[in-house]
file target-v2.csv (CSV, C-alpha atoms)
chain,number,residue,atom,x,y,z
Y,1,MET,CA,-66.4,-21.2,-14.8
Y,2,SER,CA,-64.6,-19.8,-17.8
Y,3,SER,CA,-62.1,-21.7,-19.8
Y,4,SER,CA,-59.2,-19.6,-18.5
Y,5,ALA,CA,-60.2,-20.1,-14.9
Y,6,PHE,CA,-60.6,-23.8,-15.6
Y,7,SER,CA,-57.1,-24.1,-17.0
Y,8,ILE,CA,-55.6,-22.1,-14.1
Y,9,SER,CA,-57.3,-24.4,-11.6
Y,10,ARG,CA,-56.0,-27.4,-13.5
Y,11,ILE,CA,-52.4,-26.1,-13.1
Y,12,PHE,CA,-52.6,-25.7,-9.3
Y,13,HIS,CA,-55.0,-28.5,-8.4
Y,14,ALA,CA,-53.8,-31.3,-10.7
Y,15,ARG,CA,-53.3,-34.8,-9.3
Y,16,PRO,CA,-50.0,-35.3,-7.6
Y,17,ALA,CA,-47.3,-36.3,-10.1
Y,18,SER,CA,-44.2,-38.4,-9.6
Y,19,PRO,CA,-41.1,-36.8,-8.2
Y,20,ALA,CA,-39.3,-37.0,-11.6
Y,21,ARG,CA,-42.3,-35.3,-13.3
Y,22,ASN,CA,-42.6,-32.7,-10.6
Y,23,LEU,CA,-38.9,-31.9,-11.0
Y,24,ALA,CA,-39.1,-31.7,-14.8
Y,25,ILE,CA,-42.1,-29.4,-14.8
Y,26,GLY,CA,-40.6,-27.2,-12.1
Y,27,VAL,CA,-37.3,-26.8,-14.0
Y,28,LEU,CA,-39.1,-26.0,-17.3
Y,29,ALA,CA,-41.3,-23.5,-15.5
Y,30,ALA,CA,-38.3,-21.8,-13.8
Y,31,LEU,CA,-36.5,-21.6,-17.2
Y,32,ALA,CA,-39.6,-20.1,-18.7
Y,33,ALA,CA,-39.8,-17.5,-15.9
Y,34,ALA,CA,-36.1,-16.6,-16.5
Y,35,LEU,CA,-36.7,-16.3,-20.2
Y,36,VAL,CA,-39.8,-14.1,-19.7
Y,37,GLY,CA,-37.9,-11.9,-17.2
Y,38,SER,CA,-34.9,-11.3,-19.5
Y,39,GLY,CA,-37.2,-11.0,-22.5
Y,40,TRP,CA,-39.2,-8.2,-20.8
Y,41,GLN,CA,-36.0,-6.3,-20.1
Y,42,ILE,CA,-34.8,-6.6,-23.7
Y,43,VAL,CA,-38.3,-5.7,-25.1
Y,44,THR,CA,-38.4,-2.7,-22.8
Y,45,ARG,CA,-35.0,-1.4,-23.9
Y,46,HIS,CA,-36.0,-1.9,-27.5
Y,47,GLY,CA,-39.4,-0.1,-27.0
Y,48,VAL,CA,-38.1,3.1,-25.3
Y,49,THR,CA,-35.2,3.5,-27.8
Y,50,THR,CA,-37.4,3.2,-31.0
Y,51,SER,CA,-41.0,4.3,-31.3
Y,52,LEU,CA,-42.6,4.3,-27.9
Y,53,GLY,CA,-42.0,6.1,-24.6
Y,54,PRO,CA,-42.3,5.1,-20.9
Y,55,VAL,CA,-45.9,6.2,-20.5
Y,56,GLU,CA,-47.0,4.3,-23.6
Y,57,LEU,CA,-45.3,1.1,-22.4
Y,58,ALA,CA,-46.8,1.5,-19.0
Y,59,VAL,CA,-50.3,1.6,-20.5
Y,60,LEU,CA,-49.6,-1.7,-22.3
Y,61,ARG,CA,-47.7,-3.2,-19.3
Y,62,TYR,CA,-50.6,-2.6,-16.8
Y,63,GLY,CA,-53.7,-2.0,-18.9
Y,64,VAL,CA,-53.5,-5.4,-20.7
Y,65,PRO,CA,-53.0,-7.5,-17.6
Y,66,ALA,CA,-55.8,-5.6,-15.8
Y,67,LEU,CA,-58.2,-6.6,-18.5
Y,68,VAL,CA,-57.0,-10.2,-18.7
Y,69,LEU,CA,-57.2,-10.6,-15.0
Y,70,ALA,CA,-60.5,-8.8,-14.7
Y,71,PRO,CA,-62.5,-11.9,-13.7
Y,72,LEU,CA,-60.3,-12.2,-10.5
Y,73,TRP,CA,-60.6,-8.6,-9.3
Y,74,CYS,CA,-64.3,-8.6,-10.1
Y,75,ARG,CA,-64.9,-11.5,-7.7
Y,76,ARG,CA,-65.1,-10.5,-4.0
Y,77,THR,CA,-65.0,-14.0,-2.6
Y,78,GLY,CA,-61.6,-15.2,-1.3
Y,79,TRP,CA,-60.2,-11.8,-0.7
Y,80,PRO,CA,-58.8,-11.2,2.8
Y,81,ALA,CA,-61.1,-8.9,4.8
Y,82,ALA,CA,-58.2,-7.5,7.0
Y,83,MET,CA,-56.3,-5.9,4.2
Y,84,SER,CA,-55.3,-2.5,5.4
Y,85,LEU,CA,-55.1,0.6,3.2
Y,86,GLY,CA,-51.4,1.1,4.0
Y,87,ARG,CA,-50.5,-2.4,2.9
Y,88,LEU,CA,-52.7,-2.0,-0.2
Y,89,ALA,CA,-50.9,1.2,-1.1
Y,90,LEU,CA,-47.5,-0.5,-0.6
Y,91,LEU,CA,-48.5,-3.3,-2.9
Y,92,VAL,CA,-49.6,-1.0,-5.7
Y,93,LEU,CA,-46.8,1.6,-5.3
Y,94,GLY,CA,-44.0,-1.0,-4.8
Y,95,GLY,CA,-45.0,-3.5,-7.5
Y,96,GLY,CA,-47.2,-1.5,-9.8
Y,97,LEU,CA,-47.0,1.8,-11.8
Y,98,PRO,CA,-44.3,3.7,-9.9
Y,99,PHE,CA,-42.0,0.8,-10.0
Y,100,GLY,CA,-42.7,0.2,-13.7
Y,101,LEU,CA,-42.2,3.9,-14.6
Y,102,LEU,CA,-38.8,3.9,-12.9
Y,103,VAL,CA,-37.7,0.8,-14.8
Y,104,LEU,CA,-39.1,2.1,-18.1
Y,105,ALA,CA,-37.6,5.5,-17.7
Y,106,GLY,CA,-34.2,4.0,-16.7
Y,107,ALA,CA,-34.2,1.8,-19.8
Y,108,ARG,CA,-34.0,5.0,-21.9
Y,109,TRP,CA,-30.6,5.9,-20.3
Y,110,ALA,CA,-28.9,2.6,-19.5
Y,111,PRO,CA,-28.4,-0.6,-21.6
Y,112,ALA,CA,-30.4,-3.8,-21.0
Y,113,ALA,CA,-27.4,-5.5,-19.4
Y,114,HIS,CA,-27.3,-2.8,-16.7
Y,115,MET,CA,-31.0,-3.4,-16.0
Y,116,GLY,CA,-30.5,-7.1,-15.5
Y,117,ILE,CA,-27.5,-6.6,-13.2
Y,118,PHE,CA,-28.9,-3.8,-11.0
Y,119,MET,CA,-32.3,-5.3,-10.7
Y,120,ALA,CA,-31.0,-8.8,-9.9
Y,121,GLY,CA,-28.3,-7.5,-7.6
Y,122,CYS,CA,-30.2,-4.8,-5.7
Y,123,MET,CA,-33.6,-6.4,-5.1
Y,124,PRO,CA,-32.4,-9.2,-2.8
Y,125,LEU,CA,-30.2,-6.8,-1.0
Y,126,PHE,CA,-33.0,-4.4,-0.1
Y,127,VAL,CA,-35.4,-7.2,0.7
Y,128,ALA,CA,-32.9,-8.7,3.1
Y,129,LEU,CA,-32.2,-5.3,4.7
Y,130,GLY,CA,-35.8,-4.5,5.0
Y,131,GLY,CA,-36.7,-7.9,6.4
Y,132,ARG,CA,-33.9,-7.6,9.0
Y,133,LEU,CA,-34.9,-4.1,10.1
Y,134,VAL,CA,-38.7,-4.5,9.9
Y,135,GLN,CA,-39.5,-8.1,10.5
Y,136,GLY,CA,-36.3,-9.3,12.3
Y,137,ASP,CA,-35.4,-11.9,9.7
Y,138,ARG,CA,-32.2,-13.9,10.4
Y,139,LEU,CA,-29.7,-14.7,7.7
Y,140,GLY,CA,-27.3,-17.6,7.5
Y,141,ARG,CA,-23.7,-17.3,6.6
Y,142,LEU,CA,-24.1,-18.5,3.1
Y,143,ARG,CA,-26.9,-16.0,2.4
Y,144,VAL,CA,-24.9,-13.2,3.9
Y,145,LEU,CA,-22.0,-14.2,1.6
Y,146,GLY,CA,-24.4,-14.2,-1.4
Y,147,LEU,CA,-25.6,-10.7,-0.5
Y,148,VAL,CA,-22.0,-9.5,-0.1
Y,149,LEU,CA,-21.2,-10.9,-3.6
Y,150,MET,CA,-24.2,-9.1,-5.1
Y,151,ALA,CA,-23.1,-5.8,-3.4
Y,152,LEU,CA,-19.6,-6.2,-4.8
Y,153,GLY,CA,-21.0,-6.9,-8.3
Y,154,VAL,CA,-23.2,-3.8,-8.2
Y,155,ALA,CA,-20.4,-1.7,-6.9
Y,156,ALA,CA,-18.0,-3.0,-9.7
Y,157,LEU,CA,-20.5,-2.0,-12.4
Y,158,GLY,CA,-21.1,1.4,-10.8
Y,159,LEU,CA,-17.4,2.1,-10.5
Y,160,GLY,CA,-16.9,1.0,-14.1
Y,161,VAL,CA,-19.7,3.4,-15.3
Y,162,TRP,CA,-18.1,6.3,-13.2
Y,163,ARG,CA,-14.6,5.5,-14.5
Y,164,ASP,CA,-15.7,5.4,-18.1
Y,165,GLY,CA,-17.8,8.5,-17.8
Y,166,LEU,CA,-20.9,6.9,-19.3
Y,167,ALA,CA,-24.2,8.6,-19.3
Y,168,SER,CA,-26.0,5.4,-18.2
Y,169,TRP,CA,-25.6,6.4,-14.5
Y,170,ARG,CA,-29.0,8.1,-14.7
Y,171,GLY,CA,-30.7,4.9,-15.7
Y,172,ASP,CA,-28.7,2.9,-13.2
Y,173,LEU,CA,-29.8,5.2,-10.4
Y,174,LEU,CA,-33.5,4.7,-11.5
Y,175,PHE,CA,-33.0,0.9,-11.4
Y,176,VAL,CA,-31.7,1.1,-7.8
Y,177,LEU,CA,-34.8,3.2,-6.8
Y,178,ALA,CA,-37.0,0.7,-8.5
Y,179,ALA,CA,-35.4,-2.1,-6.5
Y,180,VAL,CA,-36.2,-0.2,-3.3
Y,181,LEU,CA,-39.9,-0.1,-4.3
Y,182,TRP,CA,-39.9,-3.8,-5.2
Y,183,ALA,CA,-38.4,-4.6,-1.8
Y,184,ALA,CA,-41.3,-2.7,-0.2
Y,185,TYR,CA,-43.7,-4.7,-2.4
Y,186,THR,CA,-42.1,-8.0,-1.4
Y,187,LEU,CA,-42.2,-7.3,2.3
Y,188,ALA,CA,-45.8,-6.0,2.1
Y,189,PHE,CA,-46.9,-9.1,0.2
Y,190,ARG,CA,-45.7,-11.4,3.0
Y,191,GLY,CA,-48.6,-12.5,5.1
Y,192,CYS,CA,-51.1,-10.3,3.3
Y,193,GLY,CA,-53.4,-13.4,2.6
Y,194,LEU,CA,-53.5,-12.8,-1.2
Y,195,SER,CA,-52.7,-15.5,-3.7
Y,196,PRO,CA,-50.2,-14.7,-6.4
Y,197,TRP,CA,-53.1,-14.4,-8.9
Y,198,GLN,CA,-55.0,-12.1,-6.6
Y,199,GLY,CA,-51.9,-10.0,-6.0
Y,200,ALA,CA,-51.3,-9.6,-9.7
Y,201,ALA,CA,-54.9,-8.7,-10.4
Y,202,LEU,CA,-54.9,-6.1,-7.6
Y,203,VAL,CA,-51.5,-4.5,-8.6
Y,204,ASN,CA,-52.5,-4.3,-12.2
Y,205,LEU,CA,-55.9,-2.8,-11.5
Y,206,GLY,CA,-54.5,-0.2,-9.1
Y,207,SER,CA,-51.8,0.7,-11.6
Y,208,ALA,CA,-54.4,1.0,-14.4
Y,209,VAL,CA,-56.4,3.4,-12.2
Y,210,LEU,CA,-53.2,5.4,-11.4
Y,211,LEU,CA,-52.5,5.6,-15.1
Y,212,VAL,CA,-55.7,7.6,-15.9
Y,213,PRO,CA,-54.4,10.9,-14.5
Y,214,VAL,CA,-51.0,10.3,-15.9
Y,215,VAL,CA,-52.4,9.8,-19.4
Y,216,ILE,CA,-54.7,12.8,-19.0
Y,217,VAL,CA,-51.8,15.1,-18.0
Y,218,TRP,CA,-49.0,13.8,-20.2
Y,219,GLY,CA,-50.9,11.8,-22.8
Y,220,ALA,CA,-49.8,8.7,-24.7
Y,221,PRO,CA,-49.7,10.0,-28.3
Y,222,ARG,CA,-47.1,7.5,-29.5
Y,223,LEU,CA,-49.7,4.7,-29.2
Y,224,VAL,CA,-51.4,6.3,-32.2
Y,225,THR,CA,-48.5,7.5,-34.2
Y,226,ALA,CA,-46.2,4.5,-33.7
Y,227,PRO,CA,-46.3,1.6,-36.2
Y,228,TRP,CA,-49.1,-0.8,-35.3
Y,229,THR,CA,-46.5,-3.7,-35.4
Y,230,ASP,CA,-44.5,-2.0,-32.6
Y,231,VAL,CA,-47.6,-1.5,-30.5
Y,232,ALA,CA,-48.8,-5.1,-31.0
Y,233,PHE,CA,-45.3,-6.4,-30.2
Y,234,GLN,CA,-45.0,-4.4,-27.0
Y,235,ALA,CA,-48.6,-5.3,-26.0
Y,236,LEU,CA,-47.6,-9.0,-26.3
Y,237,GLY,CA,-44.2,-8.6,-24.5
Y,238,GLN,CA,-45.3,-6.1,-21.8
Y,239,GLY,CA,-48.9,-7.2,-21.1
Y,240,VAL,CA,-49.3,-10.8,-21.9
Y,241,MET,CA,-45.7,-12.2,-21.5
Y,242,ALA,CA,-44.5,-10.2,-18.5
Y,243,GLY,CA,-47.8,-9.4,-16.9
Y,244,VAL,CA,-49.5,-12.8,-17.1
Y,245,LEU,CA,-47.4,-15.7,-18.4
Y,246,GLY,CA,-44.3,-14.7,-16.3
Y,247,LEU,CA,-46.5,-14.9,-13.2
Y,248,VAL,CA,-47.9,-18.3,-14.2
Y,249,ALA,CA,-44.4,-19.8,-14.9
Y,250,TYR,CA,-42.9,-18.5,-11.7
Y,251,THR,CA,-45.9,-19.7,-9.6
Y,252,VAL,CA,-45.7,-23.1,-11.1
Y,253,ALA,CA,-42.0,-23.3,-10.4
Y,254,ILE,CA,-42.6,-22.4,-6.7
Y,255,ALA,CA,-45.3,-25.1,-6.5
Y,256,ARG,CA,-43.1,-27.8,-8.0
Y,257,LEU,CA,-39.7,-26.8,-6.7
Y,258,GLY,CA,-40.3,-24.7,-3.6
Y,259,ALA,CA,-39.7,-21.0,-3.2
Y,260,ALA,CA,-36.0,-21.2,-2.6
Y,261,ARG,CA,-35.1,-23.4,-5.6
Y,262,ALA,CA,-37.5,-21.4,-7.8
Y,263,ALA,CA,-35.7,-18.2,-6.9
Y,264,LEU,CA,-32.6,-19.7,-8.5
Y,265,SER,CA,-34.1,-18.7,-11.9
Y,266,ALA,CA,-33.4,-15.1,-11.0
Y,267,ALA,CA,-29.7,-15.9,-11.4
Y,268,LEU,CA,-30.2,-16.6,-15.1
Y,269,VAL,CA,-32.0,-13.3,-15.9
Y,270,PRO,CA,-28.9,-11.0,-15.9
Y,271,VAL,CA,-26.9,-13.5,-18.0
Y,272,LEU,CA,-29.7,-14.0,-20.5
Y,273,THR,CA,-30.4,-10.3,-20.7
Y,274,ALA,CA,-26.7,-9.5,-21.4
Y,275,LEU,CA,-26.4,-12.2,-24.1
Y,276,GLY,CA,-29.8,-11.4,-25.6
Y,277,ALA,CA,-29.1,-7.6,-25.7
Y,278,ALA,CA,-25.7,-8.2,-27.4
Y,279,TRP,CA,-27.3,-10.5,-30.0
Y,280,LEU,CA,-30.6,-8.7,-30.7
Y,281,LEU,CA,-29.8,-5.0,-29.8
Y,282,GLY,CA,-26.1,-4.9,-30.5
Y,283,GLU,CA,-25.3,-3.8,-27.0
Y,284,VAL,CA,-22.1,-5.5,-26.1
Y,285,PRO,CA,-21.5,-5.2,-22.3
Y,286,GLN,CA,-18.3,-3.5,-21.1
Y,287,ARG,CA,-15.7,-5.4,-19.0
Y,288,SER,CA,-17.1,-4.0,-15.8
Y,289,ALA,CA,-20.5,-5.5,-16.7
Y,290,TRP,CA,-19.0,-9.0,-17.2
Y,291,ALA,CA,-17.1,-8.6,-13.9
Y,292,ALA,CA,-20.4,-7.7,-12.2
Y,293,LEU,CA,-22.1,-10.7,-13.6
Y,294,ALA,CA,-19.4,-13.0,-12.3
Y,295,LEU,CA,-20.2,-11.7,-8.8
Y,296,VAL,CA,-23.9,-11.2,-9.0
Y,297,VAL,CA,-24.9,-14.6,-10.4
Y,298,PRO,CA,-23.3,-16.7,-7.7
Y,299,GLY,CA,-24.5,-14.2,-5.1
Y,300,VAL,CA,-28.1,-14.7,-6.2
Y,301,VAL,CA,-27.6,-18.5,-6.0
Y,302,LEU,CA,-26.3,-18.3,-2.4
Y,303,ALA,CA,-28.7,-15.6,-1.2
Y,304,SER,CA,-31.7,-17.6,-2.5
Y,305,GLY,CA,-31.2,-20.1,0.4
Y,306,ALA,CA,-31.5,-23.1,-1.9
Y,307,VAL,CA,-27.8,-24.1,-1.6
Y,308,VAL,CA,-27.2,-25.2,2.0
Y,309,PRO,CA,-24.6,-27.9,2.3
Y,310,GLY,CA,-26.0,-29.3,5.5
Y,311,ARG,CA,-29.5,-29.5,4.2
Y,312,LEU,CA,-28.4,-31.0,0.9
Y,313,ALA,CA,-26.3,-33.7,2.8
Y,314,ALA,CA,-29.3,-34.5,5.0
Y,315,ASP,CA,-31.6,-34.7,1.9
Y,316,LEU,CA,-29.1,-37.1,0.2
Y,317,ARG,CA,-28.9,-39.3,3.4
Y,318,ARG,CA,-32.6,-39.5,3.6
Y,319,ARG,CA,-33.0,-40.4,0.0
Y,320,ALA,CA,-30.3,-43.1,0.3
Y,321,ALA,CA,-32.0,-44.5,3.3
Y,322,ARG,CA,-35.3,-44.7,1.5
Y,323,ARG,CA,-33.7,-46.4,-1.5
Y,324,GLY,CA,-31.9,-48.9,0.8
Y,325,ALA,CA,-35.2,-49.6,2.6
Y,326,ARG,CA,-36.9,-50.4,-0.7
Y,327,ARG,CA,-34.1,-52.6,-1.9
Y,328,HIS,CA,-33.6,-54.5,1.4
Y,329,PRO,CA,-36.9,-54.6,3.3
Y,330,PRO,CA,-36.6,-55.7,7.0
Y,331,ALA,CA,-37.3,-59.3,7.8
Y,332,VAL,CA,-40.8,-59.7,9.2
Y,333,PRO,CA,-41.1,-62.5,11.9
Y,334,PRO,CA,-43.8,-65.0,11.2
Y,335,GLY,CA,-47.1,-64.3,13.0
Y,336,PRO,CA,-48.7,-66.7,15.5
Y,337,GLY,CA,-49.9,-70.0,14.1
Y,338,THR,CA,-47.6,-69.9,11.0
Y,339,ARG,CA,-44.9,-72.3,10.3
Y,340,PRO,CA,-41.4,-71.3,9.4
Y,341,ALA,CA,-40.4,-71.6,5.7
Y,342,GLU,CA,-39.0,-74.9,4.5
Y,343,GLY,CA,-35.2,-75.2,4.9
Y,344,ALA,CA,-35.2,-72.6,7.7
Y,345,ALA,CA,-33.2,-73.4,10.8
Y,346,PRO,CA,-35.2,-74.2,13.9
Y,347,PRO,CA,-35.3,-71.6,16.5
Y,348,ARG,CA,-32.6,-71.8,19.2
Y,349,SER,CA,-33.4,-72.0,22.8
Y,350,PRO,CA,-31.8,-69.3,24.9
Y,351,GLY,CA,-28.6,-70.2,26.6
Y,352,HIS,CA,-27.7,-73.2,24.3
Y,353,SER,CA,-25.2,-73.1,21.5
Y,354,PRO,CA,-25.5,-75.3,18.5
Y,355,ARG,CA,-23.7,-78.7,18.7
Y,356,ARG,CA,-20.4,-78.6,16.7
call {"tool": "encode", "arguments": {"input": "target-v2.csv", "output": "structure tokens"}}
result
Amino acid sequence: MSSSAFSISRIFHARPASPARNLAIGVLAALAAALVGSGWQIVTRHGVTTSLGPVELAVLRYGVPALVLAPLWCRRTGWPAAMSLGRLALLVLGGGLPFGLLVLAGARWAPAAHMGIFMAGCMPLFVALGGRLVQGDRLGRLRVLGLVLMALGVAALGLGVWRDGLASWRGDLLFVLAAVLWAAYTLAFRGCGLSPWQGAALVNLGSAVLLVPVVIVWGAPRLVTAPWTDVAFQALGQGVMAGVLGLVAYTVAIARLGAARAALSAALVPVLTALGAAWLLGEVPQRSAWAALALVVPGVVLASGAVVPGRLAADLRRRAARRGARRHPPAVPPGPGTRPAEGAAPPRSPGHSPRR
């Protein structure tokens, strides 16, 4: 077993930790996943507006993880035998190269803050709509309220772009189309039998294969002409950080916190992207973007399903009951053949009251 495979197995098969340690590790992993997600959006915007183009970034985004995860897709053991070609195509098209090219091309037209808002606001909407139509998923009232808030936030940003006559509408439209593809990937991944690592290896390998004709037709000349520092920086940000480490962090957050609470990290991504782009790229969001954030962020929190008042109250009651049971253990009657403790009152016979 290689050292990387050994370290990965230690992450997911470590000894059970205490609840406090589990919570701390899960929170740190969720924060790391949010930082990686927003960092990828900022790095992408920087790359397509300086020395590299969408095709060059796609080569780094999918080629590097395909090589890093090669030990997984070279192994045939553990892969589900009933994987259909249609589901396989949806996984690669929805979460791989076509999705990435839409995002990378949209980043040339729209600022990074738009990417964070449209991706965070549209993806859960399309996943919920597709799950309802295709798989018959039911949504609670709070989740519906969260989806409505996200739709209002996306609409507020779209109306602001249209009112101000900004050219970013092209990139915004590409972000919405990318969200449609990601929803298809999410629904196809449900019940496919692949682990997150196998899914990442499969998507990156399929995307690397699809990149071959794209590079043959259009080429990727900027990988040679661009400064090597820019290429190395994008290889680290696109391939290693977004393609590998982001997956590790998010999967650890799911294992420690649960899927619903881990999904709360998505609420931080548009905020971190807007603040980071304003600081690092000088892209100060317009007022409609701040209004959209004020609606999308709580919408993501509610739509994740982690905030359910009844469930939270039940959890609190169960925890209080466990703490009370530990502090005041129930009295255990003495077993047969044992004498009562000294100073204890003798047992009373039924029907007789103590003499006053």
call {"tool": "axis_aligned_box", "arguments": {"input": "target-v2.csv", "around": "region 261-278 of chain Y", "padding_each_side": "6 Å", "output": "JSON"}}
result
{"center_x": -31.6, "center_y": -15.5, "center_z": -16.5, "size_x": 23.8, "size_y": 27.8, "size_z": 33.8}
call {"tool": "atom_distance", "arguments": {"input": "target-v2.csv", "atom1": "CA of Arg261 (chain Y)", "atom2": "CA of Leu145 (chain Y)"}}
result
17.6 Å
call {"tool": "closest_residue", "arguments": {"input": "target-v2.csv", "among": "Y:Ala274, Y:Leu174, Y:Val231, Y:Val284", "to": "Ile117 (chain Y)", "atoms": "only C-alpha atoms"}}
result
Y:Ala274
call {"tool": "atom_distance", "arguments": {"input": "target-v2.csv", "atom1": "CA of Arg87 (chain Y)", "atom2": "CA of Ala188 (chain Y)"}}
result
6.0 Å
call {"tool": "atom_distance", "arguments": {"input": "target-v2.csv", "atom1": "CA of Pro270 (chain Y)", "atom2": "CA of Thr44 (chain Y)"}}
result
14.4 Å
call {"tool": "build_atoms", "arguments": {"input": "target-v2.csv", "residues": "region 85-92 of chain Y", "atoms": "all heavy atoms", "output": "PDB file, in the coordinates of the input"}}
result
ATOM      1  N   LEU Y  85     -55.365  -0.362   4.278  1.00  0.00           N
ATOM      2  CA  LEU Y  85     -55.100   0.600   3.200  1.00  0.00           C
ATOM      3  C   LEU Y  85     -53.622   0.823   2.997  1.00  0.00           C
ATOM      4  O   LEU Y  85     -53.147   1.012   1.875  1.00  0.00           O
ATOM      5  CB  LEU Y  85     -55.854   1.884   3.434  1.00  0.00           C
ATOM      6  CG  LEU Y  85     -57.378   1.820   3.364  1.00  0.00           C
ATOM      7  CD1 LEU Y  85     -57.977   3.187   3.684  1.00  0.00           C
ATOM      8  CD2 LEU Y  85     -57.848   1.339   1.994  1.00  0.00           C
ATOM      9  N   GLY Y  86     -52.875   0.838   4.116  1.00  0.00           N
ATOM     10  CA  GLY Y  86     -51.400   1.100   4.000  1.00  0.00           C
ATOM     11  C   GLY Y  86     -50.746  -0.073   3.258  1.00  0.00           C
ATOM     12  O   GLY Y  86     -49.894   0.168   2.394  1.00  0.00           O
ATOM     13  N   ARG Y  87     -51.103  -1.306   3.574  1.00  0.00           N
ATOM     14  CA  ARG Y  87     -50.500  -2.400   2.900  1.00  0.00           C
ATOM     15  C   ARG Y  87     -50.941  -2.452   1.410  1.00  0.00           C
ATOM     16  O   ARG Y  87     -50.153  -2.765   0.521  1.00  0.00           O
ATOM     17  CB  ARG Y  87     -50.916  -3.741   3.547  1.00  0.00           C
ATOM     18  CG  ARG Y  87     -50.264  -4.981   2.932  1.00  0.00           C
ATOM     19  CD  ARG Y  87     -50.707  -6.229   3.678  1.00  0.00           C
ATOM     20  NE  ARG Y  87     -50.185  -6.254   5.026  1.00  0.00           N
ATOM     21  CZ  ARG Y  87     -49.411  -7.222   5.515  1.00  0.00           C
ATOM     22  NH1 ARG Y  87     -49.056  -8.220   4.736  1.00  0.00           N
ATOM     23  NH2 ARG Y  87     -48.999  -7.192   6.761  1.00  0.00           N
ATOM     24  N   LEU Y  88     -52.193  -2.109   1.161  1.00  0.00           N
ATOM     25  CA  LEU Y  88     -52.700  -2.000  -0.200  1.00  0.00           C
ATOM     26  C   LEU Y  88     -51.906  -0.999  -1.016  1.00  0.00           C
ATOM     27  O   LEU Y  88     -51.522  -1.240  -2.170  1.00  0.00           O
ATOM     28  CB  LEU Y  88     -54.173  -1.708  -0.200  1.00  0.00           C
ATOM     29  CG  LEU Y  88     -54.850  -1.553  -1.559  1.00  0.00           C
ATOM     30  CD1 LEU Y  88     -54.794  -2.865  -2.333  1.00  0.00           C
ATOM     31  CD2 LEU Y  88     -56.302  -1.106  -1.382  1.00  0.00           C
ATOM     32  N   ALA Y  89     -51.642   0.153  -0.401  1.00  0.00           N
ATOM     33  CA  ALA Y  89     -50.900   1.200  -1.100  1.00  0.00           C
ATOM     34  C   ALA Y  89     -49.448   0.736  -1.372  1.00  0.00           C
ATOM     35  O   ALA Y  89     -48.895   0.998  -2.449  1.00  0.00           O
ATOM     36  CB  ALA Y  89     -50.877   2.471  -0.259  1.00  0.00           C
ATOM     37  N   LEU Y  90     -48.828   0.026  -0.419  1.00  0.00           N
ATOM     38  CA  LEU Y  90     -47.500  -0.500  -0.600  1.00  0.00           C
ATOM     39  C   LEU Y  90     -47.421  -1.489  -1.776  1.00  0.00           C
ATOM     40  O   LEU Y  90     -46.474  -1.499  -2.578  1.00  0.00           O
ATOM     41  CB  LEU Y  90     -46.933  -1.102   0.644  1.00  0.00           C
ATOM     42  CG  LEU Y  90     -46.410  -0.150   1.723  1.00  0.00           C
ATOM     43  CD1 LEU Y  90     -45.965  -0.935   2.947  1.00  0.00           C
ATOM     44  CD2 LEU Y  90     -45.259   0.690   1.196  1.00  0.00           C
ATOM     45  N   LEU Y  91     -48.453  -2.328  -1.861  1.00  0.00           N
ATOM     46  CA  LEU Y  91     -48.500  -3.300  -2.900  1.00  0.00           C
ATOM     47  C   LEU Y  91     -48.563  -2.644  -4.298  1.00  0.00           C
ATOM     48  O   LEU Y  91     -47.854  -3.019  -5.237  1.00  0.00           O
ATOM     49  CB  LEU Y  91     -49.673  -4.264  -2.730  1.00  0.00           C
ATOM     50  CG  LEU Y  91     -49.588  -5.245  -1.561  1.00  0.00           C
ATOM     51  CD1 LEU Y  91     -50.894  -6.024  -1.419  1.00  0.00           C
ATOM     52  CD2 LEU Y  91     -48.431  -6.208  -1.745  1.00  0.00           C
ATOM     53  N   VAL Y  92     -49.428  -1.658  -4.418  1.00  0.00           N
ATOM     54  CA  VAL Y  92     -49.600  -1.000  -5.700  1.00  0.00           C
ATOM     55  C   VAL Y  92     -48.442  -0.098  -6.056  1.00  0.00           C
ATOM     56  O   VAL Y  92     -47.954  -0.093  -7.195  1.00  0.00           O
ATOM     57  CB  VAL Y  92     -50.943  -0.202  -5.712  1.00  0.00           C
ATOM     58  CG1 VAL Y  92     -51.110   0.565  -7.019  1.00  0.00           C
ATOM     59  CG2 VAL Y  92     -52.126  -1.140  -5.514  1.00  0.00           C
TER      60      VAL Y  92
END
